[in-house]
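Shown below: query36.cif, with mmCIF, C-alpha atoms.
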```cif
data_query
#
loop_
_atom_site.label_atom_id
_atom_site.label_comp_id
_atom_site.auth_asym_id
_atom_site.auth_seq_id
_atom_site.Cartn_x
_atom_site.Cartn_y
_atom_site.Cartn_z
CA MET J 14 52.77 83.56 132.54
CA ALA J 15 50.69 80.56 133.66
CA ILE J 16 49.77 79.76 130.05
CA ARG J 17 53.42 79.97 128.95
CA GLN J 18 54.42 77.61 131.76
CA LEU J 19 51.56 75.28 130.89
CA ALA J 20 52.75 75.23 127.28
CA ILE J 21 56.26 74.30 128.47
CA ILE J 22 54.83 71.45 130.57
CA LEU J 23 52.80 70.19 127.59
CA VAL J 24 55.79 70.34 125.25
CA ILE J 25 58.04 68.48 127.71
CA SER J 26 55.29 65.89 128.34
CA THR J 27 54.72 65.34 124.64
CA GLY J 28 58.44 64.93 123.97
CA LEU J 29 58.98 62.56 126.88
CA GLY J 30 55.80 60.58 126.17
CA LEU J 31 56.58 60.02 122.50
CA GLY J 32 60.27 59.41 123.17
CA ILE J 33 59.78 56.91 125.98
CA ASN J 34 57.03 55.18 124.01
CA LEU J 35 59.49 54.63 121.16
CA ILE J 36 61.90 52.65 123.34
CA SER J 37 59.37 51.12 125.74
CA PRO J 38 58.75 47.36 125.56
CA ASN J 39 55.06 48.21 126.09
CA ARG J 40 54.91 50.77 123.30
CA ILE J 41 51.70 51.36 121.42
CA VAL J 42 51.01 52.91 118.04
CA CYS J 43 50.32 56.65 118.22
CA PHE J 44 47.53 57.00 115.70
CA GLY J 45 44.95 54.90 113.92
CA LYS J 46 41.78 53.25 115.00
CA TYR J 47 41.60 52.03 118.54
CA ARG J 48 44.07 49.17 118.47
CA PRO J 49 46.39 49.17 121.42
CA LEU J 50 47.38 45.58 120.86
CA SER J 51 50.70 43.88 120.58
CA SER J 52 49.06 41.26 118.35
CA GLY J 53 48.34 43.91 115.71
CA ASN J 54 44.64 43.30 115.30
CA GLU J 55 42.21 46.10 114.66
CA VAL J 56 38.52 46.77 114.55
CA ILE J 57 37.11 45.28 111.37
CA VAL J 58 34.07 47.11 110.04
CA PRO J 59 32.26 45.69 107.00
CA PRO J 60 31.46 48.02 104.11
CA ASN J 61 27.73 47.50 104.59
CA ALA J 62 27.80 48.84 108.15
CA GLU J 63 25.55 51.81 108.74
CA ALA J 64 25.35 54.57 111.27
CA GLY J 65 23.21 53.34 114.14
CA ASP J 66 24.51 49.78 113.95
CA PRO J 67 25.81 48.31 117.20
CA PRO J 68 29.54 48.97 117.76
CA PHE J 69 32.14 46.79 116.13
CA ILE J 70 34.81 45.57 118.50
CA ALA J 71 38.32 44.28 117.94
CA LEU J 72 39.76 41.04 119.24
CA ASP J 73 41.24 42.72 122.32
CA LEU J 74 37.85 43.86 123.60
CA ALA J 75 36.18 40.62 122.61
CA GLU J 76 38.79 38.77 124.65
CA LEU J 77 38.42 41.22 127.52
CA GLU J 78 34.67 40.68 127.66
CA PHE J 79 35.18 36.93 127.27
CA ASN J 80 37.54 36.87 130.24
CA SER J 81 35.20 39.00 132.33
CA GLY J 82 32.51 36.35 131.86
CA GLU J 83 29.86 39.05 131.69
CA ALA J 84 29.05 38.82 127.99
CA ILE J 85 27.12 36.26 125.97
CA PHE J 86 28.82 35.35 122.69
CA ILE J 87 26.48 34.43 119.88
CA ASP J 88 27.69 32.39 116.93
CA CYS J 89 25.41 33.20 113.97
CA ARG J 90 26.54 30.41 111.65
CA GLU J 91 24.96 27.09 110.76
CA PRO J 92 25.08 24.39 113.47
CA GLU J 93 27.57 22.36 111.41
CA GLU J 94 30.04 25.22 111.37
CA PHE J 95 29.35 25.97 115.02
CA GLU J 96 30.22 22.39 115.95
CA CYS J 97 33.44 22.47 113.98
CA GLY J 98 34.86 25.21 116.14
CA THR J 99 33.61 28.25 117.98
CA ILE J 100 34.43 30.63 120.80
CA PRO J 101 34.08 28.57 124.00
CA GLY J 102 30.76 28.92 125.77
CA SER J 103 29.06 30.72 122.90
CA ILE J 104 25.43 30.17 121.97
CA ASN J 105 24.47 29.16 118.46
CA ILE J 106 21.68 31.22 116.90
CA PRO J 107 21.94 30.54 113.15
CA PHE J 108 20.81 33.68 111.38
CA ASP J 109 19.56 31.78 108.35
CA ASN J 110 17.24 29.71 110.55
CA LEU J 111 15.55 32.63 112.28
CA PRO J 112 11.75 32.28 112.16
CA GLU J 113 9.63 34.81 110.31
CA GLU J 114 7.16 35.01 113.18
CA ASN J 115 7.65 35.17 116.94
CA LEU J 116 11.25 36.17 116.48
CA GLU J 117 11.32 37.78 119.90
CA ASN J 118 10.18 34.62 121.69
CA TYR J 119 12.63 32.55 119.70
CA ILE J 120 15.59 34.79 120.57
CA ASP J 121 14.53 35.20 124.22
CA SER J 122 14.30 31.47 124.55
CA ALA J 123 17.66 30.88 122.82
CA LEU J 124 19.30 33.37 125.17
CA GLY J 125 17.72 31.78 128.22
CA GLY J 126 15.64 34.83 129.05
CA CYS J 127 18.64 37.00 129.85
CA ALA J 128 18.18 40.67 130.71
CA ARG J 129 17.69 43.09 127.84
CA ASP J 130 20.77 45.04 128.86
CA LYS J 131 23.03 42.01 129.05
CA LEU J 132 26.08 42.46 126.82
CA LEU J 133 25.61 40.33 123.70
CA ILE J 134 28.48 39.91 121.23
CA SER J 135 27.59 38.43 117.84
CA PHE J 136 30.15 36.91 115.54
CA CYS J 137 30.49 34.46 112.67
CA SER J 138 33.48 33.06 110.84
CA GLY J 139 35.21 36.23 109.74
CA GLU J 140 35.34 39.10 107.33
CA GLU J 141 33.50 37.38 104.50
CA CYS J 142 30.46 36.70 106.69
CA ASP J 143 28.14 39.50 107.76
CA LEU J 144 25.56 37.35 109.57
CA SER J 145 26.78 38.80 112.85
CA LEU J 146 25.81 42.27 111.67
CA HIS J 147 22.35 41.14 110.55
CA LEU J 148 21.69 39.25 113.77
CA ALA J 149 22.81 42.24 115.85
CA ARG J 150 20.38 44.46 113.93
CA ASN J 151 17.58 42.00 114.68
CA LEU J 152 18.53 41.87 118.36
CA MET J 153 18.49 45.66 118.48
CA ALA J 154 15.09 45.74 116.78
CA ILE J 155 13.53 43.49 119.41
CA GLY J 156 14.87 45.56 122.28
CA TYR J 157 18.31 44.29 123.33
CA THR J 158 20.28 47.37 124.26
CA ASN J 159 23.85 46.28 124.98
CA LEU J 160 25.21 44.84 121.75
CA ALA J 161 28.54 44.52 120.04
CA ILE J 162 29.75 42.83 116.86
CA PHE J 163 33.05 40.98 116.77
CA PHE J 164 33.53 40.97 113.03
CA GLY J 165 36.89 39.22 113.16
CA GLY J 166 34.91 36.16 114.18
CA SER J 167 36.06 32.69 115.11
CA ARG J 168 38.86 32.75 112.54
CA GLU J 169 40.58 35.75 114.05
CA TRP J 170 39.96 34.34 117.51
CA GLU J 171 41.79 31.15 116.52
CA ARG J 172 44.48 32.95 114.49
CA PHE J 173 45.63 34.80 117.57
CA GLY J 174 45.97 31.60 119.55
CA LEU J 175 42.83 31.79 121.65
CA ASN J 176 40.96 28.65 122.65
CA ILE J 177 38.41 27.19 120.28
CA GLU J 178 35.71 24.80 121.41
CA ARG J 179 35.25 21.90 118.97
CA ARG J 180 32.35 19.52 119.26
CA LYS J 181 33.52 17.39 116.36
CA ASN J 182 36.52 17.13 114.10
CA CYS J 183 36.01 18.76 110.75
CA LYS J 184 38.18 19.11 107.71
CA LYS J 185 39.36 22.63 107.18
CA MET M 11 27.76 99.83 156.25
CA GLY M 12 28.33 97.43 159.15
CA LYS M 13 27.26 94.43 157.05
CA VAL M 14 29.66 95.33 154.25
CA TRP M 15 32.49 95.60 156.74
CA VAL M 16 31.70 92.14 158.19
CA GLU M 17 31.68 90.61 154.70
CA TYR M 18 34.98 92.32 153.93
CA ARG M 19 36.51 90.97 157.11
CA THR M 20 35.22 87.44 156.45
CA GLU M 21 36.64 87.58 152.96
CA LYS M 22 39.99 88.76 154.24
CA GLU M 23 40.11 86.04 156.86
CA LEU M 24 39.21 83.42 154.28
CA GLN M 25 41.97 84.69 152.00
CA LYS M 26 44.37 84.53 154.95
CA ILE M 27 43.51 80.86 155.49
CA ILE M 28 43.92 80.13 151.76
CA ASP M 29 47.27 81.93 151.71
CA ASN M 30 48.57 79.98 154.72
CA ASP M 31 52.02 78.63 153.85
CA TYR M 32 51.54 75.31 155.62
CA LEU M 33 48.11 74.67 154.11
CA THR M 34 49.44 75.51 150.64
CA MET M 35 52.43 73.20 151.09
CA LEU M 36 50.12 70.44 152.31
CA SER M 37 47.94 70.88 149.22
CA ARG M 38 50.99 70.89 146.96
CA LEU M 39 52.25 67.66 148.49
CA ALA M 40 48.84 65.96 148.46
CA VAL M 41 47.95 66.92 144.87
CA GLY M 42 51.50 66.35 143.63
CA ILE M 43 51.78 62.88 145.12
CA ILE M 44 48.31 61.89 143.86
CA PHE M 45 49.15 62.96 140.30
CA ILE M 46 52.58 61.31 140.34
CA TRP M 47 51.18 58.12 141.81
CA ALA M 48 48.31 58.06 139.29
CA SER M 49 50.67 58.55 136.36
CA ILE M 50 53.08 55.71 137.09
CA TYR M 51 50.97 52.70 136.09
CA LYS M 52 49.70 54.56 133.03
CA ILE M 53 53.25 55.23 131.86
CA ILE M 54 54.25 51.62 132.48
CA ASP M 55 51.19 50.17 130.73
CA PRO M 56 49.85 52.63 128.12
CA CYS M 57 47.87 49.83 126.48
CA SER M 58 45.66 49.33 129.53
CA PHE M 59 45.29 53.08 129.94
CA SER M 60 44.17 53.46 126.33
CA LYS M 61 41.48 50.85 127.01
CA SER M 62 40.39 52.82 130.07
CA ILE M 63 40.04 55.94 127.91
CA TRP M 64 38.12 53.95 125.31
CA TYR M 65 35.71 52.81 128.01
CA TYR M 66 34.48 56.36 128.52
CA HIS M 67 33.29 56.54 124.90
CA MET M 68 34.22 60.24 124.82
CA VAL M 69 37.43 60.46 122.82
CA PRO M 70 37.63 59.74 119.05
CA GLY M 71 39.29 56.37 118.40
CA ASP M 72 42.03 57.93 116.30
CA ILE M 73 43.58 59.93 119.14
CA ILE M 74 43.02 57.59 122.08
CA ASN M 75 46.51 56.12 121.91
CA LEU M 76 48.18 59.52 121.55
CA MET M 77 46.29 60.70 124.60
CA ALA M 78 47.32 57.55 126.49
CA ILE M 79 50.96 58.28 125.66
CA ILE M 80 51.04 61.98 126.56
CA LEU M 81 48.50 62.53 129.37
CA PRO M 82 50.32 60.45 132.04
CA TRP M 83 53.46 62.52 131.46
CA VAL M 84 51.49 65.74 131.91
CA GLU M 85 50.28 64.30 135.22
CA LEU M 86 53.76 63.27 136.29
CA ILE M 87 55.50 66.52 135.35
CA SER M 88 52.72 68.67 136.82
CA GLY M 89 52.92 66.69 140.06
CA VAL M 90 56.69 67.10 140.28
CA CYS M 91 56.50 70.82 139.39
CA LEU M 92 53.89 71.39 142.11
CA ILE M 93 55.99 69.78 144.82
CA VAL M 94 59.31 71.26 143.74
CA GLY M 95 57.88 74.67 142.88
CA VAL M 96 59.09 75.03 139.30
CA LEU M 97 56.75 76.12 136.48
CA TYR M 98 54.38 76.36 139.40
CA LYS M 99 51.54 78.42 137.92
CA GLY M 100 51.46 76.28 134.78
CA ALA M 101 51.31 73.14 136.93
CA VAL M 102 48.43 74.60 138.95
CA VAL M 103 46.49 75.31 135.75
CA ALA M 104 47.29 71.79 134.49
CA VAL M 105 46.10 69.95 137.62
CA ASN M 106 42.95 72.06 137.79
CA GLY M 107 42.21 71.43 134.12
CA MET M 108 42.84 67.69 134.38
CA THR M 109 40.71 67.35 137.51
CA ILE M 110 37.84 69.18 135.81
CA ILE M 111 38.18 66.89 132.78
CA PHE M 112 38.17 63.81 135.06
CA ILE M 113 35.02 65.04 136.81
CA ILE M 114 33.25 65.69 133.50
CA ALA M 115 34.31 62.28 132.15
CA LEU M 116 33.18 60.41 135.27
CA SER M 117 29.92 62.33 135.54
CA THR M 118 28.97 61.65 131.93
CA ALA M 119 29.98 57.99 132.33
CA ILE M 120 27.68 57.67 135.35
CA PHE M 121 24.90 59.63 133.63
CA ARG M 122 25.12 57.50 130.49
CA GLY M 123 25.31 54.32 132.52
CA ILE M 124 28.75 53.24 131.38
CA ASP M 125 30.39 50.82 133.77
CA ILE M 126 33.99 52.05 133.77
CA ASP M 127 35.16 48.72 135.17
CA CYS M 128 34.17 46.81 132.07
CA GLY M 129 33.37 49.50 129.51
CA CYS M 130 29.95 48.08 128.89
CA PHE M 131 26.70 49.99 129.10
CA LYS M 132 24.41 49.39 132.03
CA ALA M 133 21.37 51.11 133.44
CA ALA M 134 22.45 54.38 135.01
CA GLN M 135 21.45 53.37 138.50
CA GLU M 136 23.57 50.24 138.20
CA SER M 137 26.75 52.08 137.32
CA SER M 138 29.53 50.71 139.40
CA GLU M 139 30.30 52.03 142.83
CA ALA M 140 33.85 52.57 141.66
CA ALA M 141 32.69 55.42 139.42
CA TRP M 142 30.90 57.16 142.30
CA GLU M 143 33.89 56.68 144.61
CA SER M 144 36.21 58.13 141.96
CA LEU M 145 33.88 61.07 141.46
CA ILE M 146 33.77 61.85 145.19
CA PHE M 147 37.55 61.53 145.31
CA ASP M 148 37.87 63.99 142.41
CA PHE M 149 35.62 66.52 144.16
CA VAL M 150 37.88 66.33 147.22
CA LEU M 151 40.88 66.69 144.94
CA ILE M 152 39.48 69.76 143.21
CA ALA M 153 39.04 71.46 146.59
CA PHE M 154 42.82 71.20 147.01
CA THR M 155 43.59 72.30 143.43
CA ILE M 156 41.29 75.33 143.75
CA GLN M 157 43.02 76.25 147.01
CA LEU M 158 46.34 76.11 145.13
CA ALA M 159 44.94 78.33 142.38
CA LEU M 160 43.74 80.94 144.88
CA SER M 161 46.69 80.84 147.28
CA ARG M 162 49.25 83.66 147.08
CA SER M 163 51.82 81.80 149.17
CA THR M 164 55.21 81.55 147.48
CA LYS M 165 57.08 79.85 150.31
CA TRP M 166 59.11 76.68 149.72
CA ARG M 167 59.17 77.08 145.98
CA LEU M 168 62.42 76.41 144.18
CA LYS M 169 61.68 79.22 141.73
CA ARG M 170 59.33 82.07 142.72
#
```
As a first step, turn the structure in this file into structure tokens.
Amino acid sequence: MAIRQLAIILVISTGLGLGINLISPNRIVCFGKYRPLSSGNEVIVPPNAEAGDPPFIALDLAELEFNSGEAIFIDCREPEEFECGTIPGSINIPFDNLPEENLENYIDSALGGCARDKLLISFCSGEECDLSLHLARNLMAIGYTNLAIFFGGSREWERFGLNIERRKNCKK
Amino acid sequence: MGKVWVEYRTEKELQKIIDNDYLTMLSRLAVGIIFIWASIYKIIDPCSFSKSIWYYHMVPGDIINLMAIILPWVELISGVCLIVGVLYKGAVVAVNGMTIIFIIALSTAIFRGIDIDCGCFKAAQESSEAAWESLIFDFVLIAFTIQLALSRSTKWRLKR
């Protein structure tokens, strides 16, 4: 009897939930990767990602962490690209310029000696650039534990109307 | 023989307290209002609720949104059914099940060091106070839901 009544409650809830969601101004898509956004973005995962890599996050979570002020954003591109436009407040650690030796000291110094469990979000320009993935793997290897990769990068950040910090004007 | 009799009497008296009509109605109102109240903001803003579910890192990404759409309605309808007394036994099972799920989710979040306020991982001992407060609240809540499950009172139900 209880199970039959529970089934009725679940059926009514499912019907009402799906029905109201259809007409709600705050409706969200029912299935798919985690993407509850009105802007339509989604988690972008590069084909060379492997199990054990730090998590890839979508724009919504990147923005959430940005607004919380708790995370450090790391731009992995060359300084020239970094200066042309980046996520405000981010730190530039160009992946291509990483030293062969004393990598740990170099990174620790670049990050201002932040705690190993500080949330670090690496990114570069967008889908065609996987420097953020490589840098995140290096950060993981030297002991940083709270990492995420925003693979949409600065391009997606700008495309959805979020602020970009420009240190100089560059031709696009 | 005497000891067995005392245990039997204690058990009977405990059952009498659990079956008390007023206590049962109080539990129905308390649990019902809590579930209705908790469901409202989730129904209004399913996007934020789906993020909250995501923070726990327990549910596969593909079904998070579906869960965020349906679960608040289960809470709302169960809460209403408890207070009104319709589909009562089903609602009791539902609130017990949901409270157990909440306790498991919160406990694992605290154990794994997930800060449910921001969704980021922290050292376990630094997990936010909010998680501990919610967990204590859920343990109080489950005391009420268990009382409802054990109570044989049928008073003030619309449908018995």
Once you count only C-alpha atoms, which residues of chain J turn out to be within 9 Å of chain M? Could you give them as a PDB file with C-alpha atoms, in the coordinates of the input?
```pdb
ATOM      1  CA  MET J  14      52.770  83.560 132.540  1.00  0.00           C
ATOM      2  CA  ALA J  15      50.690  80.560 133.660  1.00  0.00           C
ATOM      3  CA  ILE J  16      49.770  79.760 130.050  1.00  0.00           C
ATOM      4  CA  ARG J  17      53.420  79.970 128.950  1.00  0.00           C
ATOM      5  CA  GLN J  18      54.420  77.610 131.760  1.00  0.00           C
ATOM      6  CA  LEU J  19      51.560  75.280 130.890  1.00  0.00           C
ATOM      7  CA  ALA J  20      52.750  75.230 127.280  1.00  0.00           C
ATOM      8  CA  ILE J  21      56.260  74.300 128.470  1.00  0.00           C
ATOM      9  CA  ILE J  22      54.830  71.450 130.570  1.00  0.00           C
ATOM     10  CA  LEU J  23      52.800  70.190 127.590  1.00  0.00           C
ATOM     11  CA  ILE J  25      58.040  68.480 127.710  1.00  0.00           C
ATOM     12  CA  SER J  26      55.290  65.890 128.340  1.00  0.00           C
ATOM     13  CA  THR J  27      54.720  65.340 124.640  1.00  0.00           C
ATOM     14  CA  GLY J  28      58.440  64.930 123.970  1.00  0.00           C
ATOM     15  CA  LEU J  29      58.980  62.560 126.880  1.00  0.00           C
ATOM     16  CA  GLY J  30      55.800  60.580 126.170  1.00  0.00           C
ATOM     17  CA  LEU J  31      56.580  60.020 122.500  1.00  0.00           C
ATOM     18  CA  ILE J  33      59.780  56.910 125.980  1.00  0.00           C
ATOM     19  CA  ASN J  34      57.030  55.180 124.010  1.00  0.00           C
ATOM     20  CA  SER J  37      59.370  51.120 125.740  1.00  0.00           C
ATOM     21  CA  ASN J  39      55.060  48.210 126.090  1.00  0.00           C
ATOM     22  CA  ARG J  40      54.910  50.770 123.300  1.00  0.00           C
ATOM     23  CA  ILE J  41      51.700  51.360 121.420  1.00  0.00           C
ATOM     24  CA  VAL J  42      51.010  52.910 118.040  1.00  0.00           C
ATOM     25  CA  CYS J  43      50.320  56.650 118.220  1.00  0.00           C
ATOM     26  CA  PHE J  44      47.530  57.000 115.700  1.00  0.00           C
ATOM     27  CA  GLY J  45      44.950  54.900 113.920  1.00  0.00           C
ATOM     28  CA  LYS J  46      41.780  53.250 115.000  1.00  0.00           C
ATOM     29  CA  TYR J  47      41.600  52.030 118.540  1.00  0.00           C
ATOM     30  CA  ARG J  48      44.070  49.170 118.470  1.00  0.00           C
ATOM     31  CA  PRO J  49      46.390  49.170 121.420  1.00  0.00           C
ATOM     32  CA  LEU J  50      47.380  45.580 120.860  1.00  0.00           C
ATOM     33  CA  SER J  51      50.700  43.880 120.580  1.00  0.00           C
ATOM     34  CA  LEU J  74      37.850  43.860 123.600  1.00  0.00           C
ATOM     35  CA  LEU J  77      38.420  41.220 127.520  1.00  0.00           C
ATOM     36  CA  GLU J  78      34.670  40.680 127.660  1.00  0.00           C
ATOM     37  CA  SER J  81      35.200  39.000 132.330  1.00  0.00           C
ATOM     38  CA  GLU J  83      29.860  39.050 131.690  1.00  0.00           C
ATOM     39  CA  ASP J 130      20.770  45.040 128.860  1.00  0.00           C
ATOM     40  CA  LYS J 131      23.030  42.010 129.050  1.00  0.00           C
ATOM     41  CA  LEU J 132      26.080  42.460 126.820  1.00  0.00           C
ATOM     42  CA  THR J 158      20.280  47.370 124.260  1.00  0.00           C
ATOM     43  CA  ASN J 159      23.850  46.280 124.980  1.00  0.00           C
TER      44      ASN J 159
END
```
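For the pair CA of Arg90 in chain J and CA of Ile106 in chain J, the interatomic distance is 7.2 Å.
The residues returned by the PyMOL selection byres ((chain M and resi 109) around 9) for this structure are M:Ala104, M:Val105, M:Asn106, M:Gly107, M:Met108, M:Ile110, M:Ile111, M:Phe112, M:Ile113, M:Ile114, M:Asp148, M:Phe149, M:Leu151, M:Ile152, M:Thr155.
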How about saving the chosen residues, C-alpha atoms kept, as an mmCIF file, in the frame of the given file?
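Saved the output as out.cif:
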```
data_model
loop_
_atom_site.group_PDB
_atom_site.id
_atom_site.type_symbol
_atom_site.label_atom_id
_atom_site.label_comp_id
_atom_site.auth_asym_id
_atom_site.auth_seq_id
_atom_site.Cartn_x
_atom_site.Cartn_y
_atom_site.Cartn_z
ATOM 1 C CA ALA M 104 47.290 71.790 134.490
ATOM 2 C CA VAL M 105 46.100 69.950 137.620
ATOM 3 C CA ASN M 106 42.950 72.060 137.790
ATOM 4 C CA GLY M 107 42.210 71.430 134.120
ATOM 5 C CA MET M 108 42.840 67.690 134.380
ATOM 6 C CA ILE M 110 37.840 69.180 135.810
ATOM 7 C CA ILE M 111 38.180 66.890 132.780
ATOM 8 C CA PHE M 112 38.170 63.810 135.060
ATOM 9 C CA ILE M 113 35.020 65.040 136.810
ATOM 10 C CA ILE M 114 33.250 65.690 133.500
ATOM 11 C CA ASP M 148 37.870 63.990 142.410
ATOM 12 C CA PHE M 149 35.620 66.520 144.160
ATOM 13 C CA LEU M 151 40.880 66.690 144.940
ATOM 14 C CA ILE M 152 39.480 69.760 143.210
ATOM 15 C CA THR M 155 43.590 72.300 143.430
#
```
Worksheet item: Residues picked by the PyMOL selection byres ((chain J and resi 183) around 12) here, as a PyMOL selection string?
Response: chain J and resi 93-98+179-182+184-185
Worksheet item: Excluding same-chain residues fewer than 5 positions from Phe108 in chain J, what lies within 12 Å of it counting all atoms listed in the file, as a ChimeraX atom specification?
Response: /J:87-92,113,116,119-120,135-137,142-152
Let's have the selection written as a PDB file, keeping the file's coordinate frame, with C-alpha atoms.
```pdb
ATOM      1  CA  ILE J  87      26.480  34.430 119.880  1.00  0.00           C
ATOM      2  CA  ASP J  88      27.690  32.390 116.930  1.00  0.00           C
ATOM      3  CA  CYS J  89      25.410  33.200 113.970  1.00  0.00           C
ATOM      4  CA  ARG J  90      26.540  30.410 111.650  1.00  0.00           C
ATOM      5  CA  GLU J  91      24.960  27.090 110.760  1.00  0.00           C
ATOM      6  CA  PRO J  92      25.080  24.390 113.470  1.00  0.00           C
ATOM      7  CA  GLU J 113       9.630  34.810 110.310  1.00  0.00           C
ATOM      8  CA  LEU J 116      11.250  36.170 116.480  1.00  0.00           C
ATOM      9  CA  TYR J 119      12.630  32.550 119.700  1.00  0.00           C
ATOM     10  CA  ILE J 120      15.590  34.790 120.570  1.00  0.00           C
ATOM     11  CA  SER J 135      27.590  38.430 117.840  1.00  0.00           C
ATOM     12  CA  PHE J 136      30.150  36.910 115.540  1.00  0.00           C
ATOM     13  CA  CYS J 137      30.490  34.460 112.670  1.00  0.00           C
ATOM     14  CA  CYS J 142      30.460  36.700 106.690  1.00  0.00           C
ATOM     15  CA  ASP J 143      28.140  39.500 107.760  1.00  0.00           C
ATOM     16  CA  LEU J 144      25.560  37.350 109.570  1.00  0.00           C
ATOM     17  CA  SER J 145      26.780  38.800 112.850  1.00  0.00           C
ATOM     18  CA  LEU J 146      25.810  42.270 111.670  1.00  0.00           C
ATOM     19  CA  HIS J 147      22.350  41.140 110.550  1.00  0.00           C
ATOM     20  CA  LEU J 148      21.690  39.250 113.770  1.00  0.00           C
ATOM     21  CA  ALA J 149      22.810  42.240 115.850  1.00  0.00           C
ATOM     22  CA  ARG J 150      20.380  44.460 113.930  1.00  0.00           C
ATOM     23  CA  ASN J 151      17.580  42.000 114.680  1.00  0.00           C
ATOM     24  CA  LEU J 152      18.530  41.870 118.360  1.00  0.00           C
TER      25      LEU J 152
END
```
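When CA of Ala140 in chain M is paired with CA of Arg38 in chain M, their separation reads 25.6 Å.
One distance worth recording is that between CA of Val58 in chain J and CA of Leu72 in chain J, which is 12.4 Å.
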Practice prompt. Starting from the shown file, work through the PyMOL selection byres ((chain M and resi 163) around 10) and note down what comes out as an MDAnalysis selection string.
Written response: chainID M and resid 26 28:35 158 160:162 164:167 170
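Candidate residues M:Lys52, M:Ile93, M:Val150, M:Lys169 were compared for distance to Leu36 in chain M, and the nearest is M:Ile93, using all atoms listed in the file.
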Practice prompt. Please determine the residues with any atom at most 9 Å from (37.6, 30.6, 114.6) (coordinates as given in the file, with only C-alpha atoms counting) and report them as a list in words.
Written response: Gly98, Thr99, Ile100, Cys137, Ser138, Gly139, Gly165, Gly166, Ser167, Arg168, Glu169, Trp170, Glu171, Arg172, Leu175, Asn176 and Ile177 of chain J
Worksheet item: Can you tell me, as an MDAnalysis selection string, what residues are no more than 8 Å from Val90 in chain M when counting all atoms listed in the file, ignoring any on the same chain fewer than 4 positions away?
Response: chainID M and resid 42 46 86 94
Worksheet item: So, counting all atoms listed in the file, which residue among J:Gly156, J:Val24, J:Glu55, J:Phe69 is closest to Asn118 in chain J?
Response: J:Gly156
